[in-house]
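Everything below concerns the one structure shown next.
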Amino acid sequence: VPSRPDTVFFLSDYGARDEFAGVVRAVLRRLAPHATVIDLTHEIAPFDVLSGARTLERAVPHLGDGVILAVVDPGVGSDRRGIALEVRGAAHRRFFVGPDNGLLLGAAEAVGDHIEAVLLRRAGAPATFDGRDLFAPAVAALCNGSDLGELGPALDPSVLLRLARPVSEQTTLTDGRVVRWREITWVDRFGNLQLHASPEELSPEEHRGPIELRFRRDDAGGTDERVERVVRRVTTFADLAPGELGLIVDANGHLALVAREGSASELLRLGAGQVVGLSEAR
Amino acid sequence: VPSRPDTVFFLSDYGARDEFAGVVRAVLRRLAPHATVIDLTHEIAPFDVLSGARTLERAVPHLGDGVILAVVDPGVGSDRRGIALEVRGAAHRRFFVGPDNGLLLGAAEAVGDHIEAVLLRRAGAPATFDGRDLFAPAVAALCNGSDLGELGPALDPSVLLRLARPVSEQTTLTDGRVVRWREITWVDRFGNLQLHASPEELSPEEHRGPIELRFRRDDAGGTDERVERVVRRVTTFADLAPGELGLIVDANGHLALVAREGSASELLRLGAGQVVGLSEAR
Amino acid sequence: VPSRPDTVFFLSDYGARDEFAGVVRAVLRRLAPHATVIDLTHEIAPFDVLSGARTLERAVPHLGDGVILAVVDPGVGSDRRGIALEVRGAAHRRFFVGPDNGLLLGAAEAVGDHIEAVLLRRAGAPATFDGRDLFAPAVAALCNGSDLGELGPALDPSVLLRLARPVSEQTTLTDGRVVRWREITWVDRFGNLQLHASPEELSPEEHRGPIELRFRRDDAGGTDERVERVVRRVTTFADLAPGELGLIVDANGHLALVAREGSASELLRLGAGQVVGLSEAR
């Protein structure tokens with residue numbers, strides 16, 4: 001018999017200025033006093049479900065057993081479903097609670113293949129603060145030993161909303177070189193640009209570097225500027241000169257454009273959602 | 001015999017950048033290691049007692065038993081009192097610790113009618129960081145089982161400082177319609193404008209809507225602009241079109257001006273402290 | 001036999017927007033579930049080791065027993081060492097874990113004279129997120145009862161990197177008055193300017209005040225402006241008129257330039273790293 005979950009991992013777009021996240025923590029404390037809340041972040045940009053989903057996907061491999069509570073919910077009050085998921089493996093047991101808008105599913109699938117889902121049963125109140133009124137009580141019930149099925153009727157996981165995959169395309173230059181077009185999926189606090197690309201996608205020649213980048217961006221006059229730029233493929237920040245740009249494998253196992261003690265995002269004037277072409281430099 | 005409090009709810013204007021809140025948490029950990037600290041927010045604007053008090057009032061119905069520590073304290077070092085309050089009911093027992101500047105009283109009165117108060121006994125040190133040196137030790141003493149009376153001499157609650165009530169007035173238009181003038185008491189992260197108004201104040205006709213808003217704001221030239229605007233009275237965000245303004249009952253039971261996936265504050269160029277007139281639309 | 005540490009004090013430049021600090025907290029929860037994490041701050045400016053070190057020095061006198069985890073680490077991936085320190089006294093036992101870049105040493109020395117140090121043994125992974133992969137596991141090992149020596153080979157503490165001391169000089173005016181030049185080491189959220197100066201450095205006459213300040217700052221035209229200004233030496237904020245500048249002994253026992261319910265930093269247009277001369281006013 002598995003023991004009761006005693007850890008809640010909490011992510012939201014509630015921000016730090018208002019009391020939203022604090023009130024949800026207080027409700028969890030009241031309903032499941034034995035549980036410890038680990039805040040992942042509450043600074044997801046308001047309503048940015050995609051950014052929330054990717055943050056959760058990056059974090060989830062490092063979380064122990066427990067319940068993941070995630071709330072980025074532009075559709076609160078609509079007919080979007082509130083859901084709870086369970087992913088059970090030989091050695092772990094994870095729950096996810098939040099809105100069915102794509103926020104949870106990618107992270108759940110990163111934990112395991114066998115996902116069970118339920119539709120959270122809603123009490124009478126109109127839905128304006130589901131984190132407090134719907135999701136936190138469901139999380140507390142799981143921490144208090146409820147089975148998933150006690151929270152509501154089962155859902156076929158295949159009906160759950162799924163986010164679009166990031167851009168990942170390939171073209172060939174006239175000289176025969178392959179360009180891999182990859183979306184920037186995250187700009188972190190330090191200005192590092194994470195790409196939707198794993199190191200296995202590069203050829204041995206590309207791994208020896210240098211790498212040619214190509215991308216479009218708005219120039220000062222508001223028109224489209226085409227940029228090509230060559231950077232080194234390095235192992236770690238310290239292989240670069242201060243301020244130099246490079247391509248590394250980051251802490252999540254993705255390719256990332258970085259600068260040593262500087263912001264690659266500022267140096268390249270690129271941000272999340274933009275697409276960068278990677279090819280062997282001539 | 002009631003058990004020792006084991007939860008501290010902590011609100012301040014200390015911000016996240018400095019170590020103030022962290023040091024107070026560390027002092028609580030040292031003096032009352034069994035207590036769990038639930039941070040409500042530390043991003044109250046510096047010295048904004050009114051905003052702190054209202055945040056606490058909104059949060060307090062959702063807190064379980066424990067000690068509320070609140071520090072927004074422009075008068076630190078003056079002769080303003082440090083106080084502790086106890087509000088005891090049939091089923092709960094709440095303490096409040098902080099400065100006597102109106103920050104605590106509204107929230108305490110929201111919990112119950114029977115309030116006991118004491119003046120915190122001060123040690124010799126000059127007062128520059130009372131959160132650390134005066135309030136946290138008092139909170140820890142309560143968590144360790146001290147009675148309120150052990151913290152200092154009793155105070156008559158009627159001498160405690162009380163904040164002014166928000167604007168709430170009523171005028172009649174020449175066509176006989178009533179205009180309820182209500183103060184905006186909170187702009188949250190999402191730009192929702194909470195009004196000092198409960199849904200019971202609207203007539204059945206007004207609840208069917210639409211509602212006419214009227215307010216003054218500075219226009220671009222710095223002069224006073226009079227604005228009238230009609231919005232729908234809806235149940236939840238999802239009843240609005242994207243970007244549409246509406247009037248809802250929010251998660252605290254107040255009337256609020258909101259926009260779907262947008263900021264009502266930006267759309268109307270209104271903020272906390274401004275006054276909005278509500279009337280039945282012609 | 002000392003008991004296992006059960007408290008982790010955590011400071012970093014990870015910020016609140018990304019999940020970095022949350023993932024480190026999750027790793028600690030997984031590896032040392034009995035430990036409570038007390039966040040000091042994660043809003044140290046990116047790569048600002050000096051600010052991180054000073055924040056830790058200010059906080060450390062108020063921390064109980066436990067492990068201090070501090071990560072401000074522009075040299076991640078370089079050959080800079082990862083270290084753990086132990087400072088043991090008659091009544092306490094503190095550990096420090098983080099990079100050997102000066103971040104930890106000042107705070108450790110503030111706790112006690114007898115410091116033991118080890119070089120953290122590194123697993124194979126390339127170093128891009130040492131907070132998660134190197135430091136958190138070391139912290140967890142200490143919480144689980146490991147001795148310092150189990151984490152890696154001993155280091156002579158005299159080889160550890162040490163930050164430069166703040167500016168502290170003295171000149172004499174033609175009229176014989178002494179000017180003490182002291183660096184501004186911290187501007188807090190409220191705009192208070194902490195000086196690298198203790199009250200013992202002032203003469204009895206200076207303590208009676210007023211005090212003459214002199215400093216240089218850029219004027220609007222970008223050239224150097226020399227400013228002299230007289231302020232009162234007061235005991236606490238409340239001795240000042242609203243908006244008035246004064247010199248106080250702050251909550252860390254340092255001299256500080258403050259304004260009542262205002263920002264001394266904005267009023268004087270001064271910030272961290274600038275130097276202010278203090279002398280008896282004529």
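For the structure tokens, the naming scheme is as follows: chains receive sequential letters (A, B, ...) according to their order of presentation, residues are indexed from 1 within each chain, and ligands are indexed from 1 in presentation order.
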Exercise for review: Just the strand (DSSP E) stuff from stretch 85-188 of chain C, please, per backbone DSSP, written as an MDAnalysis selection string.
Suggested key: chainID C and resid 85:88 93:99 115:119 154:155 168:172 178:187
Practice item. Any chance you could list, as a count of residues only, the residues in stretch 67-152 of chain B that come up alpha helix (DSSP H) when DSSP is run on the backbone? Key: 16
Exercise for review: Please identify all polymer residues within 7 Å of stretch 199-203 of chain B, counting only C-alpha atoms, omitting same-chain residues fewer than 6 positions from it, and present them as a list of chain:residue names.
Suggested key: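 Surrounding residues, per the criterion: B:Val249, B:His254, B:Leu255.
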Point to revise | Spatial neighbours of stretch 104-113 of chain C, 9 Å, only C-alpha atoms, chain gap at least 4 places, as a list in words | key: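 Residues meeting the cut-off are Gly52, Ala53, Arg54, Thr55, Leu56, Glu57, Arg58, Ala59, Val60, Pro61, Ile68, Ala70, Leu85, Glu86, Val87, Arg88, Gly89, Arg94, Phe95, Phe96, Val97, Gly98, Pro99, Asp100, Leu160, Leu161, Arg162 and Leu163 of chain C.
Residues from chain A found within 7 Å of chain B are Gly15, Ala16, Arg17, Asp18, Glu19, Gly22, Val23, Arg25, Ala26, Val27, Arg30, Pro46, Pro74, Gly75, Val76, Gly77, Ser78, Ala127, Thr128 and Phe129 of chain A, counting only C-alpha atoms.
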Output of the above residues as a PDB file, in the first residue's frame, restricted to N, CA, C and O atoms:
ATOM      1  N   GLY A  15       1.840  35.242  -9.575  1.00  0.00           N
ATOM      2  CA  GLY A  15       2.716  36.342  -9.208  1.00  0.00           C
ATOM      3  C   GLY A  15       2.931  36.407  -7.707  1.00  0.00           C
ATOM      4  O   GLY A  15       2.291  35.681  -6.927  1.00  0.00           O
ATOM      5  N   ALA A  16       3.844  37.290  -7.301  1.00  0.00           N
ATOM      6  CA  ALA A  16       4.193  37.424  -5.886  1.00  0.00           C
ATOM      7  C   ALA A  16       3.492  38.597  -5.225  1.00  0.00           C
ATOM      8  O   ALA A  16       3.459  38.694  -4.008  1.00  0.00           O
ATOM      9  N   ARG A  17       2.936  39.524  -6.024  1.00  0.00           N
ATOM     10  CA  ARG A  17       2.437  40.772  -5.463  1.00  0.00           C
ATOM     11  C   ARG A  17       1.104  40.575  -4.750  1.00  0.00           C
ATOM     12  O   ARG A  17       0.849  41.157  -3.701  1.00  0.00           O
ATOM     13  N   ASP A  18       0.233  39.779  -5.328  1.00  0.00           N
ATOM     14  CA  ASP A  18      -1.063  39.518  -4.708  1.00  0.00           C
ATOM     15  C   ASP A  18      -0.952  38.310  -3.783  1.00  0.00           C
ATOM     16  O   ASP A  18       0.062  37.644  -3.736  1.00  0.00           O
ATOM     17  N   GLU A  19      -2.021  38.036  -3.065  1.00  0.00           N
ATOM     18  CA  GLU A  19      -2.005  36.971  -2.076  1.00  0.00           C
ATOM     19  C   GLU A  19      -2.478  35.637  -2.646  1.00  0.00           C
ATOM     20  O   GLU A  19      -2.632  34.668  -1.893  1.00  0.00           O
ATOM     21  N   GLY A  22      -0.348  32.620  -1.820  1.00  0.00           N
ATOM     22  CA  GLY A  22      -0.355  32.460  -0.366  1.00  0.00           C
ATOM     23  C   GLY A  22      -1.654  31.874   0.139  1.00  0.00           C
ATOM     24  O   GLY A  22      -1.656  31.029   1.033  1.00  0.00           O
ATOM     25  N   VAL A  23      -2.761  32.308  -0.425  1.00  0.00           N
ATOM     26  CA  VAL A  23      -4.058  31.781   0.009  1.00  0.00           C
ATOM     27  C   VAL A  23      -4.191  30.301  -0.369  1.00  0.00           C
ATOM     28  O   VAL A  23      -4.699  29.500   0.415  1.00  0.00           O
ATOM     29  N   ARG A  25      -1.690  28.198  -0.645  1.00  0.00           N
ATOM     30  CA  ARG A  25      -0.850  27.506   0.348  1.00  0.00           C
ATOM     31  C   ARG A  25      -1.570  27.390   1.688  1.00  0.00           C
ATOM     32  O   ARG A  25      -1.468  26.351   2.362  1.00  0.00           O
ATOM     33  N   ALA A  26      -2.286  28.435   2.078  1.00  0.00           N
ATOM     34  CA  ALA A  26      -3.005  28.399   3.355  1.00  0.00           C
ATOM     35  C   ALA A  26      -4.124  27.365   3.327  1.00  0.00           C
ATOM     36  O   ALA A  26      -4.359  26.663   4.311  1.00  0.00           O
ATOM     37  N   VAL A  27      -4.821  27.271   2.199  1.00  0.00           N
ATOM     38  CA  VAL A  27      -5.893  26.270   2.080  1.00  0.00           C
ATOM     39  C   VAL A  27      -5.299  24.860   2.167  1.00  0.00           C
ATOM     40  O   VAL A  27      -5.846  23.982   2.847  1.00  0.00           O
ATOM     41  N   ARG A  30      -4.496  24.086   5.711  1.00  0.00           N
ATOM     42  CA  ARG A  30      -5.693  23.827   6.511  1.00  0.00           C
ATOM     43  C   ARG A  30      -6.249  22.437   6.232  1.00  0.00           C
ATOM     44  O   ARG A  30      -6.621  21.705   7.148  1.00  0.00           O
ATOM     45  N   PRO A  46       1.200  36.129 -17.016  1.00  0.00           N
ATOM     46  CA  PRO A  46      -0.243  35.894 -16.914  1.00  0.00           C
ATOM     47  C   PRO A  46      -0.801  35.211 -18.166  1.00  0.00           C
ATOM     48  O   PRO A  46      -0.542  35.654 -19.284  1.00  0.00           O
ATOM     49  N   PRO A  74      -6.288  30.829 -18.327  1.00  0.00           N
ATOM     50  CA  PRO A  74      -7.092  31.879 -18.952  1.00  0.00           C
ATOM     51  C   PRO A  74      -8.555  31.481 -19.119  1.00  0.00           C
ATOM     52  O   PRO A  74      -9.411  32.358 -19.212  1.00  0.00           O
ATOM     53  N   GLY A  75      -8.840  30.201 -19.118  1.00  0.00           N
ATOM     54  CA  GLY A  75     -10.207  29.753 -19.355  1.00  0.00           C
ATOM     55  C   GLY A  75     -11.016  29.534 -18.096  1.00  0.00           C
ATOM     56  O   GLY A  75     -12.077  28.911 -18.151  1.00  0.00           O
ATOM     57  N   VAL A  76     -10.556  30.063 -16.958  1.00  0.00           N
ATOM     58  CA  VAL A  76     -11.313  29.842 -15.722  1.00  0.00           C
ATOM     59  C   VAL A  76     -12.745  30.351 -15.913  1.00  0.00           C
ATOM     60  O   VAL A  76     -12.967  31.429 -16.468  1.00  0.00           O
ATOM     61  N   GLY A  77     -13.700  29.575 -15.471  1.00  0.00           N
ATOM     62  CA  GLY A  77     -15.098  29.950 -15.613  1.00  0.00           C
ATOM     63  C   GLY A  77     -15.730  29.497 -16.909  1.00  0.00           C
ATOM     64  O   GLY A  77     -16.944  29.555 -17.071  1.00  0.00           O
ATOM     65  N   SER A  78     -14.919  29.066 -17.859  1.00  0.00           N
ATOM     66  CA  SER A  78     -15.474  28.535 -19.108  1.00  0.00           C
ATOM     67  C   SER A  78     -15.795  27.050 -18.899  1.00  0.00           C
ATOM     68  O   SER A  78     -15.721  26.532 -17.781  1.00  0.00           O
ATOM     69  N   ALA A 127     -16.972  29.869 -10.861  1.00  0.00           N
ATOM     70  CA  ALA A 127     -15.535  29.635 -10.953  1.00  0.00           C
ATOM     71  C   ALA A 127     -14.811  30.936 -11.249  1.00  0.00           C
ATOM     72  O   ALA A 127     -14.819  31.410 -12.383  1.00  0.00           O
ATOM     73  N   THR A 128     -14.199  31.541 -10.230  1.00  0.00           N
ATOM     74  CA  THR A 128     -13.318  32.674 -10.489  1.00  0.00           C
ATOM     75  C   THR A 128     -11.934  32.445  -9.908  1.00  0.00           C
ATOM     76  O   THR A 128     -10.979  33.066 -10.347  1.00  0.00           O
ATOM     77  N   PHE A 129     -11.799  31.563  -8.911  1.00  0.00           N
ATOM     78  CA  PHE A 129     -10.504  31.293  -8.276  1.00  0.00           C
ATOM     79  C   PHE A 129     -10.397  29.788  -8.036  1.00  0.00           C
ATOM     80  O   PHE A 129     -10.426  29.319  -6.916  1.00  0.00           O
TER      81      PHE A 129
END
